>>> print(open('query-v7.txt').read())   # compact mmCIF, C-alpha atoms
# COMPACT_ATOMS: atom_id res chain seq x y z
CA MET A 1319 75.54 207.41 85.95
CA LEU A 1320 77.80 206.07 88.70
CA ASP A 1321 76.09 202.69 88.59
CA ARG A 1322 76.49 202.40 84.83
CA ALA A 1323 80.23 202.96 85.15
CA SER A 1324 80.79 200.89 88.29
CA THR A 1325 78.32 198.17 89.34
CA PHE A 1326 77.03 197.48 85.84
CA ALA A 1327 80.47 197.60 84.29
CA ASN A 1328 81.48 194.53 86.31
CA PRO A 1329 81.51 191.52 83.93
CA GLU A 1330 80.38 189.03 86.61
CA ILE A 1331 77.44 191.20 87.67
CA VAL A 1332 76.46 191.75 84.03
CA LYS A 1333 76.65 188.00 83.38
CA MET A 1334 74.47 187.20 86.41
CA LEU A 1335 71.90 189.81 85.43
CA ARG A 1336 71.78 188.45 81.89
CA THR A 1337 71.37 184.83 82.91
CA ARG A 1338 70.18 184.42 86.51
CA PHE A 1339 67.93 187.41 87.21
CA VAL A 1340 65.15 189.41 85.57
CA PRO A 1341 66.64 192.93 85.56
CA VAL A 1342 64.33 195.95 85.68
CA ALA A 1343 65.27 199.63 85.80
CA ILE A 1344 62.82 202.19 87.18
CA ASP A 1345 62.52 205.78 88.33
CA GLN A 1346 61.21 205.01 91.81
CA ALA A 1347 59.72 208.52 92.05
CA TYR A 1348 56.99 207.10 89.80
CA GLN A 1349 56.45 203.65 91.33
CA ARG A 1350 56.38 204.77 94.95
CA ARG A 1351 53.55 207.18 94.10
CA GLN A 1352 51.50 205.51 91.40
CA LYS A 1353 48.10 204.15 92.35
CA ASP A 1354 47.92 200.99 90.31
CA ALA A 1355 49.19 197.40 90.25
CA GLU A 1356 52.71 198.48 89.27
CA GLY A 1357 52.92 200.90 92.20
CA GLU A 1358 51.37 198.43 94.65
CA PHE A 1359 53.86 195.72 93.71
CA TYR A 1360 56.79 198.12 94.13
CA ARG A 1361 55.58 199.39 97.51
CA LYS A 1362 55.03 195.80 98.65
CA ILE A 1363 58.69 195.03 97.93
CA ALA A 1364 60.26 198.32 99.05
CA GLY A 1365 58.06 198.47 102.15
CA GLN A 1366 59.90 195.44 103.55
CA GLY A 1367 63.20 197.33 103.39
CA PRO A 1368 64.63 200.26 105.33
CA ARG A 1369 63.20 202.86 102.94
CA SER A 1370 59.53 202.25 103.59
CA ASN A 1371 58.50 205.91 103.88
CA PHE A 1372 57.12 206.53 100.42
CA GLN A 1373 57.12 210.31 100.92
CA SER A 1374 60.85 210.33 100.24
CA THR A 1375 63.30 208.49 98.05
CA THR A 1376 63.45 204.70 98.11
CA GLN A 1377 66.32 204.44 95.65
CA GLY A 1378 68.71 201.51 95.68
CA PHE A 1379 69.06 197.94 94.43
CA TYR A 1380 66.38 195.41 95.37
CA ILE A 1381 66.21 191.66 94.82
CA ALA A 1382 62.73 190.17 95.18
CA THR A 1383 60.72 187.12 94.26
CA ALA A 1384 57.80 187.20 91.83
CA GLN A 1385 55.54 186.94 94.89
CA GLY A 1386 56.93 190.25 96.11
CA LYS A 1387 59.12 188.91 98.91
CA LEU A 1388 62.14 191.12 99.46
CA LEU A 1389 65.43 189.22 99.50
CA LEU A 1390 67.79 192.21 99.44
CA TYR A 1391 67.91 195.96 99.73
CA ASN A 1392 71.27 197.55 99.08
CA ASN A 1393 72.29 201.12 98.35
CA ASN A 1394 76.00 200.50 98.05
CA ARG A 1395 77.46 200.39 94.57
CA ASP A 1396 80.74 198.69 95.40
CA PRO A 1397 80.80 195.98 92.67
CA ALA A 1398 82.50 193.37 94.87
CA LYS A 1399 79.86 193.78 97.57
CA VAL A 1400 76.95 193.79 95.10
CA GLN A 1401 78.32 190.67 93.40
CA ARG A 1402 78.65 188.84 96.73
CA LEU A 1403 75.13 189.81 97.84
CA MET A 1404 73.65 188.76 94.50
CA LYS A 1405 75.21 185.31 94.81
CA GLU A 1406 73.99 184.93 98.39
CA LYS A 1407 70.42 185.92 97.56
CA LEU A 1408 70.37 183.75 94.45
CA SER A 1409 71.30 180.79 96.59
CA ILE A 1410 68.49 181.57 99.06
CA PHE A 1411 66.06 181.96 96.16
CA GLN A 1412 67.02 178.57 94.77
CA GLN A 1413 66.55 176.88 98.14
CA ASN A 1414 62.90 177.98 98.11
CA ALA A 1415 62.17 177.24 94.45
CA ALA A 1416 58.98 175.29 95.24
CA GLU A 1417 57.49 178.24 97.10
CA HIS A 1418 58.31 180.67 94.28
CA SER A 1419 56.71 178.42 91.69
CA ARG A 1420 53.30 179.24 93.21
CA ALA A 1421 53.54 182.91 92.16
CA VAL A 1422 50.72 184.23 89.98
CA ALA A 1423 51.16 186.89 87.31
CA ILE A 1424 49.83 190.29 88.37
CA LYS A 1425 47.07 191.66 86.17
CA PRO A 1426 47.94 195.24 85.18
CA GLY A 1427 44.36 196.53 85.58
CA LYS A 1428 43.71 200.22 85.22
CA VAL A 1429 46.94 202.20 85.21
CA ASP A 1430 47.58 205.51 86.97
CA ALA A 1431 47.61 207.91 84.01
CA ARG A 1432 49.81 210.48 85.75
CA TYR A 1433 52.66 208.01 86.02
CA ASN A 1434 52.13 206.07 82.82
CA VAL A 1435 52.84 208.71 80.24
CA SER A 1436 53.59 207.81 76.68
CA LEU A 1437 54.74 209.58 73.57
CA PRO A 1438 51.84 211.48 71.97
CA THR A 1439 50.45 209.69 68.92
CA GLY A 1440 52.23 210.95 65.83
CA GLY A 1441 55.11 212.33 67.87
CA LEU A 1442 58.85 211.69 67.73
CA VAL A 1443 61.49 210.62 70.24
CA VAL A 1444 64.91 212.24 70.11
CA ARG A 1445 67.88 210.94 72.11
CA VAL A 1446 69.78 213.61 74.02
CA ARG A 1447 73.39 213.23 75.22
CA ALA A 1448 75.44 215.81 77.12
CA LYS A 1449 79.13 215.99 77.95
CA VAL A 1450 81.35 218.48 79.73
CA LEU A 1451 84.27 219.02 77.35
CA GLY A 1452 86.77 220.46 79.83
CA GLY A 1453 87.41 222.67 82.80
CA TYR A 1454 87.63 220.10 85.56
CA GLU A 1455 90.48 220.05 88.05
CA PRO A 1456 92.39 216.77 87.82
CA THR A 1457 91.17 214.25 90.38
CA THR A 1458 92.26 210.92 91.79
CA ASP A 1459 88.78 210.32 93.25
CA ARG A 1460 87.25 207.35 91.44
CA TRP A 1461 83.66 208.60 91.66
CA LEU A 1462 84.46 212.19 90.67
CA ALA A 1463 86.42 210.85 87.70
CA ILE A 1464 83.29 208.99 86.53
CA PHE A 1465 81.28 212.22 86.70
CA GLN A 1466 83.98 214.16 84.89
CA ASN A 1467 83.94 211.73 81.96
CA ALA A 1468 80.21 211.09 81.95
CA LEU A 1469 77.98 211.13 78.92
CA SER A 1470 74.43 211.81 80.08
CA ARG A 1471 71.20 210.45 78.60
CA ASP A 1472 67.67 211.74 78.24
CA ASN A 1473 64.89 211.75 75.66
CA LEU A 1474 63.18 214.70 74.00
CA TRP A 1475 59.56 214.22 73.01
CA ILE A 1476 58.13 216.04 70.00
CA SER A 1477 54.34 216.39 69.63
CA ALA A 1478 52.42 215.44 66.50
CA ALA A 1479 51.82 219.10 65.60
CA GLU A 1480 55.53 219.87 66.00
CA HIS A 1481 56.35 216.80 63.91
CA GLN A 1482 54.15 218.20 61.14
CA ALA A 1483 55.95 221.55 61.40
CA LEU A 1484 59.31 219.79 61.05
CA LEU A 1485 58.03 218.14 57.86
CA ARG A 1486 57.47 221.68 56.54
CA GLY A 1487 61.02 222.62 57.51
CA GLU A 1488 60.02 224.65 60.57
CA ILE A 1489 61.00 224.39 64.23
CA PRO A 1490 58.01 225.70 66.15
CA VAL A 1491 58.53 227.99 69.12
CA SER A 1492 57.02 225.40 71.50
CA LEU A 1493 59.72 222.90 70.48
CA GLN A 1494 62.49 225.50 70.67
CA LYS A 1495 61.43 226.40 74.20
CA ARG A 1496 61.17 222.74 75.28
CA ILE A 1497 64.65 222.06 73.96
CA ALA A 1498 65.99 225.10 75.82
CA ARG A 1499 64.15 224.65 79.12
CA PHE A 1500 64.39 220.91 79.62
CA HIS A 1501 67.32 219.72 77.53
CA LEU A 1502 70.00 222.43 77.45
CA VAL A 1503 71.01 221.42 80.96
CA ASP A 1504 74.12 219.95 82.54
CA ASN A 1505 72.85 216.55 83.68
CA THR A 1506 76.25 214.87 83.60
CA ARG A 1507 76.58 214.61 87.40
CA GLY A 1508 72.98 213.95 88.44
CA GLU A 1509 69.46 215.32 88.20
CA PRO A 1510 69.80 218.92 87.02
CA PRO A 1511 67.65 221.96 87.68
CA MET A 1512 65.61 222.76 84.57
CA TRP A 1513 65.22 226.31 83.27
CA LYS A 1514 62.17 228.43 84.00
CA GLU A 1515 60.54 230.11 81.04
CA ASN A 1516 61.76 233.55 82.14
CA GLU A 1517 65.32 232.23 82.30
CA ILE A 1518 65.37 231.99 78.50
CA ARG A 1519 67.20 235.25 77.74
CA ASN A 1520 67.68 234.70 74.04
CA LEU A 1521 66.58 231.87 71.77
CA LYS A 1522 66.80 231.66 68.02
CA MET A 1523 66.62 228.60 65.80
CA THR A 1524 66.20 228.73 62.05
CA VAL A 1525 66.12 226.16 59.27
CA THR A 1526 67.64 227.03 55.91
CA GLY A 1527 67.45 224.18 53.43
CA ASN A 1528 68.24 221.23 55.67
CA ARG A 1529 70.60 223.19 57.94
CA ILE A 1530 69.57 224.21 61.47
CA GLN A 1531 71.39 227.09 63.10
CA GLY A 1532 70.78 229.12 66.20
CA GLN A 1533 71.90 230.72 69.41
CA VAL A 1534 70.63 230.48 72.94
CA THR A 1535 71.31 232.28 76.20
CA LEU A 1536 69.88 230.92 79.43
CA GLY A 1537 70.47 232.27 82.90
CA THR A 1538 69.07 232.67 86.37
CA ASP A 1539 68.27 236.13 87.77
CA ARG A 1540 71.06 235.69 90.31
CA GLY A 1541 73.50 234.87 87.55
CA ASP A 1542 74.74 231.80 89.41
CA ARG A 1543 73.84 229.43 86.58
CA GLY A 1544 73.69 229.94 82.84
CA PHE A 1545 74.42 228.62 79.38
CA GLU A 1546 75.42 230.52 76.25
CA ALA A 1547 75.50 228.25 73.24
CA ASP A 1548 75.45 227.99 69.49
CA LEU A 1549 73.28 225.44 67.76
CA PHE A 1550 74.03 223.60 64.56
CA GLY A 1551 72.21 220.68 62.99
CA VAL A 1552 70.63 218.88 60.10
CA LEU A 1553 66.94 218.24 59.37
CA GLU A 1554 66.13 215.85 56.53
CA VAL A 1555 62.67 214.94 55.30
CA LYS A 1556 62.06 212.19 52.76
CA ALA A 1557 58.75 210.86 51.49
CA GLY A 1558 56.81 212.71 54.16
CA LYS A 1559 58.97 211.44 57.03
CA VAL A 1560 61.63 213.05 59.19
CA VAL A 1561 64.54 210.73 58.45
CA ARG A 1562 67.25 212.74 60.18
CA LEU A 1563 67.19 215.24 63.00
CA ASP A 1564 70.63 215.87 64.43
CA LEU A 1565 71.39 218.93 66.50
CA VAL A 1566 74.40 220.01 68.52
CA ALA A 1567 74.42 222.74 71.16
CA ARG A 1568 77.88 223.82 72.24
CA GLY A 1569 78.85 226.68 74.47
CA ASP A 1570 79.84 227.92 77.89
CA PHE A 1571 77.93 226.70 80.92
CA TRP A 1572 78.37 227.92 84.46
CA GLY A 1573 76.98 226.91 87.83
CA GLU A 1574 75.48 223.74 89.28
CA GLY A 1575 72.38 222.45 91.04
CA THR A 1576 71.68 220.68 94.32
CA TYR A 1577 72.16 217.27 92.69
CA THR A 1578 74.83 218.27 90.16
CA ARG A 1579 77.55 219.41 92.53
CA HIS A 1580 81.26 219.49 91.69
CA ALA A 1581 80.91 221.33 88.38
CA PRO A 1582 84.08 222.95 87.05
CA LYS A 1583 84.76 226.41 88.44
CA GLY A 1584 83.62 229.37 86.35
CA LYS A 1585 82.53 228.89 82.76
CA PHE A 1586 83.17 225.52 81.17
CA PRO A 1587 82.49 224.04 77.73
CA LEU A 1588 79.39 221.85 77.49
CA ALA A 1589 78.07 220.07 74.39
CA ILE A 1590 74.66 218.49 73.97
CA PHE A 1591 73.79 216.25 71.02
CA PHE A 1592 70.27 215.42 69.83
CA SER A 1593 69.52 212.62 67.38
CA LEU A 1594 66.32 210.97 66.22
CA ALA A 1595 65.67 207.70 68.10
CA ASP A 1596 65.00 204.58 66.04
CA GLY A 1597 63.27 202.61 68.81
CA THR A 1598 65.97 199.93 68.98
CA ASP A 1599 67.03 200.87 72.52
CA VAL A 1600 64.69 200.07 75.43
CA ALA A 1601 65.64 203.50 76.80
CA ASP A 1602 63.83 205.08 73.83
CA ARG A 1603 60.62 204.26 75.76
CA VAL A 1604 61.68 206.20 78.86
CA PRO A 1605 59.79 209.51 79.32
CA PRO A 1606 61.84 212.73 79.32
CA LYS A 1607 63.10 213.76 82.73
CA GLY A 1608 61.39 217.14 82.32
CA SER A 1609 57.98 215.47 81.95
CA ARG A 1610 58.07 213.76 85.35
CA GLY A 1611 54.73 214.29 87.06
CA TRP A 1612 53.44 216.85 84.58
CA LEU A 1613 53.50 215.86 80.94
CA PRO A 1614 51.17 218.69 79.78
CA GLY A 1615 53.58 221.24 81.27
CA TYR A 1616 56.47 219.63 79.39
CA LEU A 1617 54.63 219.44 76.08
CA ARG A 1618 52.87 222.80 76.08
CA MET B 129 118.55 246.53 80.29
CA LYS B 130 116.35 248.34 77.77
CA TYR B 131 116.67 245.42 75.35
CA ARG B 132 115.55 243.04 78.11
CA GLU B 133 112.47 245.25 78.89
CA PHE B 134 111.63 245.42 75.18
CA THR B 135 111.88 241.65 74.87
CA SER B 136 109.68 241.12 77.96
CA SER B 137 107.03 243.50 76.60
CA ARG B 138 106.97 241.68 73.25
CA LEU B 139 106.65 238.37 75.07
CA LEU B 140 103.76 239.70 77.15
CA VAL B 141 101.94 241.05 74.07
CA GLY B 142 102.50 237.74 72.33
CA LEU B 143 101.08 235.82 75.26
CA LEU B 144 98.04 238.11 75.46
CA MET B 145 97.40 237.65 71.73
CA ALA B 146 97.67 233.89 72.09
CA VAL B 147 95.14 233.91 74.96
CA LEU B 148 92.78 236.18 72.99
CA PHE B 149 93.08 234.01 69.89
CA THR B 150 92.28 230.88 71.92
CA LYS B 151 89.23 232.58 73.47
CA MET B 152 88.04 233.70 70.03
CA SER B 153 88.47 230.18 68.67
CA LEU B 154 86.42 228.69 71.52
CA ALA B 155 83.68 231.25 70.96
CA ALA B 156 83.59 230.70 67.21
CA GLU B 157 80.28 229.62 65.73
CA LEU B 158 79.71 225.94 65.23
CA ASN B 159 80.50 224.70 61.77
CA GLU B 160 80.06 221.45 59.85
CA SER B 161 83.43 220.07 60.86
CA GLU B 162 83.00 220.70 64.58
CA PHE B 163 79.43 219.42 64.40
CA ARG B 164 80.74 216.09 63.06
CA SER B 165 83.48 215.96 65.66
CA LEU B 166 81.02 216.57 68.53
CA GLN B 167 78.60 214.06 67.05
CA ARG B 168 81.35 211.44 67.32
CA GLN B 169 82.41 212.48 70.83
CA LEU B 170 78.84 212.31 72.14
CA GLN B 171 78.03 208.82 70.87
CA PRO B 172 77.68 206.30 73.70
CA PRO B 173 79.85 203.22 73.21
CA ALA B 174 77.67 200.46 71.74
CA ASP B 175 79.52 197.82 73.74
CA ALA B 176 79.12 199.41 77.18
CA PRO B 177 78.48 196.41 79.50
CA TRP B 178 75.32 197.85 81.11
CA ARG B 179 73.72 198.17 77.67
CA THR B 180 74.05 194.42 77.10
CA ILE B 181 71.75 193.72 80.07
CA PRO B 182 68.15 193.01 78.95
CA TRP B 183 66.55 195.68 81.16
CA LYS B 184 62.81 195.79 81.49
CA ILE B 185 61.18 199.07 82.41
CA THR B 186 58.06 197.92 84.27
CA LEU B 187 57.78 195.70 87.32
CA ILE B 188 54.63 194.02 86.04
CA GLU B 189 56.49 192.83 82.95
CA ALA B 190 59.46 191.76 85.09
CA GLN B 191 57.16 189.84 87.48
CA ARG B 192 55.60 187.93 84.58
CA THR B 193 59.01 187.03 83.17
CA ALA B 194 60.29 186.03 86.62
CA ILE B 195 57.45 183.49 86.89
CA GLN B 196 58.05 182.12 83.39
CA GLU B 197 61.81 181.85 83.81
CA LYS B 198 61.81 180.94 87.52
CA LYS B 199 64.23 183.71 88.40
CA PRO B 200 64.39 186.44 91.03
CA ILE B 201 63.82 190.08 90.05
CA PHE B 202 66.69 192.55 90.30
CA ILE B 203 65.36 196.11 90.63
CA TRP B 204 67.55 199.13 89.87
CA ALA B 205 65.46 201.91 91.41
CA MET B 206 66.84 205.43 91.19
CA ASP B 207 65.82 209.08 91.48
CA GLY B 208 65.40 209.75 87.79
CA HIS B 209 65.24 206.89 85.34
CA PRO B 210 68.52 204.92 85.38
CA LEU B 211 68.39 204.34 81.63
CA GLY B 212 67.57 207.85 80.59
CA CYS B 213 67.79 210.68 83.05
CA THR B 214 71.38 211.57 83.86
>>> encode(input="query-v7.txt", output="structure tokens")
Amino acid sequence: MLDRASTFANPEIVKMLRTRFVPVAIDQAYQRRQKDAEGEFYRKIAGQGPRSNFQSTTQGFYIATAQGKLLLYNNNRDPAKVQRLMKEKLSIFQQNAAEHSRAVAIKPGKVDARYNVSLPTGGLVVRVRAKVLGGYEPTTDRWLAIFQNALSRDNLWISAAEHQALLRGEIPVSLQKRIARFHLVDNTRGEPPMWKENEIRNLKMTVTGNRIQGQVTLGTDRGDRGFEADLFGVLEVKAGKVVRLDLVARGDFWGEGTYTRHAPKGKFPLAIFFSLADGTDVADRVPPKGSRGWLPGYLR
Amino acid sequence: MKYREFTSSRLLVGLLMAVLFTKMSLAAELNESEFRSLQRQLQPPADAPWRTIPWKITLIEAQRTAIQEKKPIFIWAMDGHPLGCT
């Protein structure tokens, strides 16, 4: 979130990444754990930096050669600093071009299934975006301002059986619960806590014609976090295909999580928009946050 | 004096009604018009600079491309996927 609006909003950095580097974006919680060639290559690179304990986060920016030699680790998102470091490391890379030309492509081999999840055959991907619509105190803090205006991103996965139900004009309970537990969250300031099944207090979604309507109430036992929202959307099926699935949840959210601090005080308006992905964005291939480490639990 | 109290009371009632009306409006059920408005508000800008970067999502693929194009690899490694988590 912060990086998208700071480091990667800098035109010079964007230009360098487009032309001088091979940019790759990963959830390091996967790579530092996975037991396959992908994981080994990541740990080879990250292990040369200061975050070499793979039991905890190794997040940051890395620059490395194709042979796995670390040229830079940096966890500072100041664009001017990142830009300077990129130029320095590019220069060092170019000085050793002959050495780098001896790199050999890594064979993928057998992949670690736990960390290489993919959309179930016959399933659907839905893009999910969330935004806090108001309630923040005015701020002059640059980073808080980014959070306050953030539009979050995630993907919802729909199973083949649920896809078939949608073709019949039904939203199965499994899909309703997945939407509620893993996607009706405030992830605009970081990784959010998901809802437990018993924190779904009320959930109703119906389809009439092509119109989806519903209500949802989510809340912790302590009452320190919750969401009361209405749902409204459109489901269109043509020639045996779901051609449109748009859904908006809008309501009052309250509370925050360990990694989503600085929420507005009290109840605040939150909207979440779901729309069918068309596969044109590389991010359409990213697994849902709620599936991390346990896809069956997410899809059940 | 009494006129002033009467005026103050009317003002207070008016203010309370305005607050109540606003609350009721916020709590109103979603309709087609608001759905469309929120749909627009929650669209990411297509020209956001970071979206113009040709991100790869596996290191193996990036390593292969780095060899072919003779370039270094830039890794954006986060807690949660940077392209689709928060």
>>> atom_distance(input="query-v7.txt", atom1="CA of Gly1537 in chain A", atom2="CA of Phe163 in chain B")
24.2 Å
>>> residues_around(input="query-v7.txt", residues="range 1608-1610 of chain A", least_positions_apart="4", cutoff="8 Å", atoms="all atoms listed in the file", output="ChimeraX atom specification")
/A:1433,1500,1512,1614-1617
>>> closest_atom_pairs(input="query-v7.txt", of="chain B", to="chain A", cutoff="8 Å", atoms="only C-alpha atoms", output="Markdown table")
| residue | atom | partner | partner_atom | distance |
| --- | --- | --- | --- | --- |
| B:Ala155 | CA | A:Gly1569 | CA | 7.5 |
| B:Glu157 | CA | A:Asp1548 | CA | 6.3 |
| B:Leu158 | CA | A:Phe1550 | CA | 6.2 |
| B:Asn159 | CA | A:Phe1550 | CA | 7.1 |
| B:Glu160 | CA | A:Phe1550 | CA | 7.9 |
| B:Phe163 | CA | A:Val1566 | CA | 6.5 |
| B:Leu166 | CA | A:Ala1589 | CA | 7.4 |
| B:Gln167 | CA | A:Phe1591 | CA | 6.6 |
| B:Leu170 | CA | A:Arg1447 | CA | 6.3 |
| B:Gln171 | CA | A:Arg1447 | CA | 7.7 |
| B:Pro172 | CA | A:Leu1469 | CA | 7.1 |
| B:Ala176 | CA | A:Ala1327 | CA | 7.5 |
| B:Pro177 | CA | A:Ala1327 | CA | 5.3 |
| B:Trp178 | CA | A:Phe1326 | CA | 5.0 |
| B:Thr180 | CA | A:Val1332 | CA | 7.8 |
| B:Ile181 | CA | A:Arg1336 | CA | 5.6 |
| B:Pro182 | CA | A:Arg1336 | CA | 6.5 |
| B:Trp183 | CA | A:Val1342 | CA | 5.0 |
| B:Lys184 | CA | A:Val1342 | CA | 4.5 |
| B:Ile185 | CA | A:Ala1343 | CA | 5.3 |
| B:Thr186 | CA | A:Val1342 | CA | 6.7 |
| B:Leu187 | CA | A:Glu1356 | CA | 6.1 |
| B:Ile188 | CA | A:Glu1356 | CA | 5.8 |
| B:Ala190 | CA | A:Val1340 | CA | 6.2 |
| B:Gln191 | CA | A:Ala1384 | CA | 5.1 |
| B:Arg192 | CA | A:Ala1423 | CA | 5.3 |
| B:Thr193 | CA | A:Val1340 | CA | 7.0 |
| B:Ala194 | CA | A:Ala1384 | CA | 5.9 |
| B:Ile195 | CA | A:Ala1384 | CA | 6.2 |
| B:Lys198 | CA | A:Ser1419 | CA | 7.1 |
| B:Lys199 | CA | A:Phe1339 | CA | 5.4 |
| B:Pro200 | CA | A:Thr1383 | CA | 4.9 |
| B:Ile201 | CA | A:Val1340 | CA | 4.7 |
| B:Phe202 | CA | A:Ile1381 | CA | 4.6 |
| B:Ile203 | CA | A:Tyr1380 | CA | 4.9 |
| B:Trp204 | CA | A:Ala1343 | CA | 4.7 |
| B:Ala205 | CA | A:Ile1344 | CA | 5.0 |
| B:Met206 | CA | A:Gln1377 | CA | 4.6 |
| B:Asp207 | CA | A:Asp1345 | CA | 5.6 |
| B:Gly208 | CA | A:Asp1345 | CA | 4.9 |
| B:His209 | CA | A:Asp1345 | CA | 4.2 |
| B:Pro210 | CA | A:Ala1343 | CA | 6.2 |
| B:Leu211 | CA | A:Ala1601 | CA | 5.6 |
| B:Gly212 | CA | A:Asp1472 | CA | 4.5 |
| B:Cys213 | CA | A:Asp1472 | CA | 4.9 |
| B:Thr214 | CA | A:Ser1470 | CA | 4.9 |
>>> atom_distance(input="query-v7.txt", atom1="CA of Gly1573 in chain A", atom2="CA of Lys1585 in chain A")
7.8 Å
>>> atom_distance(input="query-v7.txt", atom1="CA of Ala1398 in chain A", atom2="CA of Phe1465 in chain A")
20.6 Å
>>> axis_aligned_box(input="query-v7.txt", around="range 194-204 of chain B", padding_each_side="3 Å", output="AutoDock Vina command-line options")
--center_x 62.5 --center_y 190.0 --center_z 87.2 --size_x 16.1 --size_y 24.2 --size_z 13.6
>>> closest_residue(input="query-v7.txt", among="A:Val1560, A:Ala1463, A:Leu1502, A:Leu1553", to="Ile1518 in chain A", atoms="only C-alpha atoms")
A:Leu1502
>>> residues_around(input="query-v7.txt", residues="Leu1594 in chain A", least_positions_apart="2", cutoff="8 Å", atoms="all atoms listed in the file", output="JSON, numbers by chain")
{"A": [1442, 1443, 1444, 1445, 1561, 1562, 1563, 1564, 1592, 1596]}
>>> residues_near_point(input="query-v7.txt", point="(67.8, 230.9, 83.4)", cutoff="8 Å", atoms="only C-alpha atoms", output="ChimeraX atom specification")
/A:1513-1519,1536-1539,1543-1544
